[in-house]
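Each remark here refers to the structure printed beneath this line.
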Amino acid sequence: MGKVIAAITTSVDGYIVGPQDGPEHGLGIGGERLHYWVMGGPWTYADDGRDTDGMQGADREYFEALTEGLGCGIVGRNMYDAAGAWGGTNPFPGTLIVLTHRTQDQPDPSTGFLFIDGFDTALTKARELAGDGAVSLGGGADLIRQGLTAGVVDELAISTAPVVLGGGKRLFEGFEQDLDLEVLGTWSSPYATHVRYAVR
């Protein structure tokens, strides 16, 4: 069985989205700055042509190391919706499970998405689909907190963008567990500092 790796991007003040996230602003007001590293530079929601092909340098090295050996991923419904379902096709290795109570919205399986209700059920299915590969918990914050609370996360990968959002949703909002982490590696670019931690 492969590792479970939780990965997410935050602001310096710990927010994973800016204020007023929703259909018009998936990452909240100003939140797209969190993902400049993914796009290889500044972008807005109006930039329909932007994609991860622009990712370069330390950001690409980090991303490739993180996704190497990935067999299956899990994301929350808000992330799926905010990403516009990635244009209708899963862009990541393996099946992407969407954790949602609204499983009746399941798209055609050929899209690479599988809708499942319940964290434990989703993780069991992800491990089955991943085989010896890793399982990624790709956000949002609630999904990652569930994984950490359940004690199933082997690695926590946090990308910190050089921005203070001042509001939004925090990664560790309401999380009260005490965890020891071991730094496994760091990567830095003008757009983010990426740190991979082992969860002890």
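Naming works like this for the structure tokens: A, B, ... for the chains as they're shown, residue 1 at the start of each chain, ligands 1 onward in shown order.
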Please produce, as a tab-separated table, a per-residue contact table for region 22-95 of chain A versus region 136-155 of chain A (criterion: any atom at most 9 Å away, only C-alpha atoms considered), showing the nearest atom pair and its distance in Å to one decimal, sorted by chain then residue number.
```
residue	atom	partner	partner_atom	distance
A:Thr67	CA	A:Ser136	CA	8.4
A:Leu70	CA	A:Ser136	CA	7.1
A:Gly71	CA	A:Ser136	CA	8.2
A:Cys72	CA	A:Ser136	CA	6.5
A:Gly73	CA	A:Ser136	CA	4.4
A:Ile74	CA	A:Leu137	CA	5.0
A:Val75	CA	A:Gly138	CA	5.1
A:Gly76	CA	A:Gly140	CA	5.7
A:Arg77	CA	A:Gly140	CA	8.4
A:Asn78	CA	A:Gly140	CA	7.2
A:Met79	CA	A:Gly140	CA	6.1
```
Take the residues from that selection and write them out as a PDB file, in the first residue's frame, keeping N, CA and C atoms.
```
ATOM      1  N   THR A  67       3.954  14.352  -7.533  1.00  0.00           N
ATOM      2  CA  THR A  67       3.004  13.520  -8.272  1.00  0.00           C
ATOM      3  C   THR A  67       3.617  12.216  -8.798  1.00  0.00           C
ATOM      4  N   LEU A  70       1.994   8.654  -8.104  1.00  0.00           N
ATOM      5  CA  LEU A  70       0.619   8.869  -7.665  1.00  0.00           C
ATOM      6  C   LEU A  70      -0.314   7.900  -8.379  1.00  0.00           C
ATOM      7  N   GLY A  71      -1.127   7.188  -7.600  1.00  0.00           N
ATOM      8  CA  GLY A  71      -2.040   6.206  -8.183  1.00  0.00           C
ATOM      9  C   GLY A  71      -3.487   6.641  -8.199  1.00  0.00           C
ATOM     10  N   CYS A  72      -3.846   7.540  -7.263  1.00  0.00           N
ATOM     11  CA  CYS A  72      -5.235   8.002  -7.155  1.00  0.00           C
ATOM     12  C   CYS A  72      -5.248   9.244  -6.284  1.00  0.00           C
ATOM     13  N   GLY A  73      -6.230  10.107  -6.493  1.00  0.00           N
ATOM     14  CA  GLY A  73      -6.350  11.309  -5.684  1.00  0.00           C
ATOM     15  C   GLY A  73      -7.760  11.497  -5.160  1.00  0.00           C
ATOM     16  N   ILE A  74      -7.862  12.280  -4.102  1.00  0.00           N
ATOM     17  CA  ILE A  74      -9.160  12.648  -3.536  1.00  0.00           C
ATOM     18  C   ILE A  74      -9.170  14.163  -3.376  1.00  0.00           C
ATOM     19  N   VAL A  75     -10.253  14.799  -3.808  1.00  0.00           N
ATOM     20  CA  VAL A  75     -10.459  16.230  -3.579  1.00  0.00           C
ATOM     21  C   VAL A  75     -11.876  16.438  -3.053  1.00  0.00           C
ATOM     22  N   GLY A  76     -12.089  17.575  -2.407  1.00  0.00           N
ATOM     23  CA  GLY A  76     -13.421  17.935  -1.951  1.00  0.00           C
ATOM     24  C   GLY A  76     -14.256  18.511  -3.085  1.00  0.00           C
ATOM     25  N   ARG A  77     -15.550  18.558  -2.868  1.00  0.00           N
ATOM     26  CA  ARG A  77     -16.466  19.050  -3.899  1.00  0.00           C
ATOM     27  C   ARG A  77     -16.222  20.530  -4.206  1.00  0.00           C
ATOM     28  N   ASN A  78     -15.896  21.322  -3.185  1.00  0.00           N
ATOM     29  CA  ASN A  78     -15.650  22.744  -3.432  1.00  0.00           C
ATOM     30  C   ASN A  78     -14.465  22.936  -4.371  1.00  0.00           C
ATOM     31  N   MET A  79     -13.421  22.136  -4.190  1.00  0.00           N
ATOM     32  CA  MET A  79     -12.252  22.256  -5.059  1.00  0.00           C
ATOM     33  C   MET A  79     -12.604  21.857  -6.489  1.00  0.00           C
TER      34      MET A  79
END
```
Item to check | Members of chain A assigned strand (DSSP E) by DSSP, as a ChimeraX atom specification | outcome: /A:4-10,15-17,70-76,95-99,113-116,134-137,155-160,169-170,181-188,193-199
Checklist entry - What are the DSSP alpha helix (DSSP H) residues of region 26-69 of chain A, as a PyMOL selection string? => result chain A and resi 36-39+57-67
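The gap separating CA of Thr100 (chain A) from CA of Asp117 (chain A) is 5.1 Å, in Å to one decimal.
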Checklist entry - Closest to Glu173 (chain A) among A:Leu123, A:Ile16, A:Arg102, A:Asp81, using only C-alpha atoms? => result A:Ile16
Item to check | Spatial neighbours of Ile116 (chain A), max dist 9 Å, only C-alpha atoms, sep filter under 6 positions, as a PyMOL selection string | outcome: chain A and resi 97-103+106+122+125
Next on the checklist: Using only C-alpha atoms, which protein or nucleic acid residues come within 8 Å of Gln20 (chain A)? Drop anything in the same chain fewer than 6 positions from it, and give the result as a PyMOL selection string.
Outcome noted: chain A and resi 28-29+168
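Near Val38 (chain A), within a cut-off of 10 Å and counting only C-alpha atoms, sit the residues Thr9, Arg33, Trp43, Arg50, Asp51, Thr52, Asp53, Gly54, Met55, Gln56, Asp59, Arg60, Phe63, Tyr191 and Ala192 of chain A, with same-chain residues fewer than 5 positions away left out.
The nearest approach to Thr111 (chain A) among the residues A:Val4, A:Leu156, A:Ala85, A:Leu129, with only C-alpha atoms taken into account, belongs to A:Ala85.
Closest approach to Leu165 (chain A) among A:Val195, A:Ser11, A:Ile5, A:Leu96: A:Ser11, based on only C-alpha atoms.
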Using only C-alpha atoms, which residues sit within 10 Å of Gly2 (chain A) once same-chain residues fewer than 6 positions away are excluded, as an mmCIF file with N, CA and C atoms, in the first residue's frame?
```
data_model
loop_
_atom_site.group_PDB
_atom_site.id
_atom_site.type_symbol
_atom_site.label_atom_id
_atom_site.label_comp_id
_atom_site.auth_asym_id
_atom_site.auth_seq_id
_atom_site.Cartn_x
_atom_site.Cartn_y
_atom_site.Cartn_z
ATOM 1 N N GLY A 69 4.599 8.606 -8.925
ATOM 2 C CA GLY A 69 4.086 7.427 -8.231
ATOM 3 C C GLY A 69 2.672 7.578 -7.715
ATOM 4 N N LEU A 70 1.994 8.654 -8.104
ATOM 5 C CA LEU A 70 0.619 8.869 -7.665
ATOM 6 C C LEU A 70 -0.314 7.900 -8.379
ATOM 7 N N GLY A 71 -1.127 7.188 -7.600
ATOM 8 C CA GLY A 71 -2.040 6.206 -8.183
ATOM 9 C C GLY A 71 -3.487 6.641 -8.199
ATOM 10 N N ARG A 127 -7.348 3.764 -2.153
ATOM 11 C CA ARG A 127 -6.254 2.813 -1.923
ATOM 12 C C ARG A 127 -6.382 1.609 -2.852
ATOM 13 N N ALA A 130 -5.371 2.831 -6.310
ATOM 14 C CA ALA A 130 -3.956 3.211 -6.388
ATOM 15 C C ALA A 130 -3.026 2.008 -6.393
ATOM 16 N N GLY A 131 -3.476 0.879 -5.847
ATOM 17 C CA GLY A 131 -2.600 -0.280 -5.749
ATOM 18 C C GLY A 131 -1.383 0.056 -4.909
ATOM 19 N N ASP A 132 -0.195 -0.080 -5.476
ATOM 20 C CA ASP A 132 1.038 0.266 -4.765
ATOM 21 C C ASP A 132 1.377 1.749 -4.877
ATOM 22 N N GLY A 133 0.592 2.497 -5.627
ATOM 23 C CA GLY A 133 0.849 3.917 -5.806
ATOM 24 C C GLY A 133 0.365 4.735 -4.625
ATOM 25 N N ALA A 134 0.771 5.993 -4.609
ATOM 26 C CA ALA A 134 0.377 6.904 -3.538
ATOM 27 C C ALA A 134 -1.040 7.423 -3.754
ATOM 28 N N VAL A 135 -1.665 7.825 -2.655
ATOM 29 C CA VAL A 135 -2.966 8.472 -2.686
ATOM 30 C C VAL A 135 -2.766 9.921 -2.268
ATOM 31 N N ASP A 154 0.501 10.234 5.711
ATOM 32 C CA ASP A 154 1.925 9.947 5.893
ATOM 33 C C ASP A 154 2.791 11.166 5.636
#
```
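Using only C-alpha atoms, the contacts of Pro109 (chain A) at a cut-off of 12 Å, with sequence neighbours closer than 4 positions omitted, comprise A:Gly88, A:Thr89, A:Asn90, A:Thr95, A:Leu96, A:Ile97, A:Asp105, A:Phe113, A:Leu114, A:Phe115.
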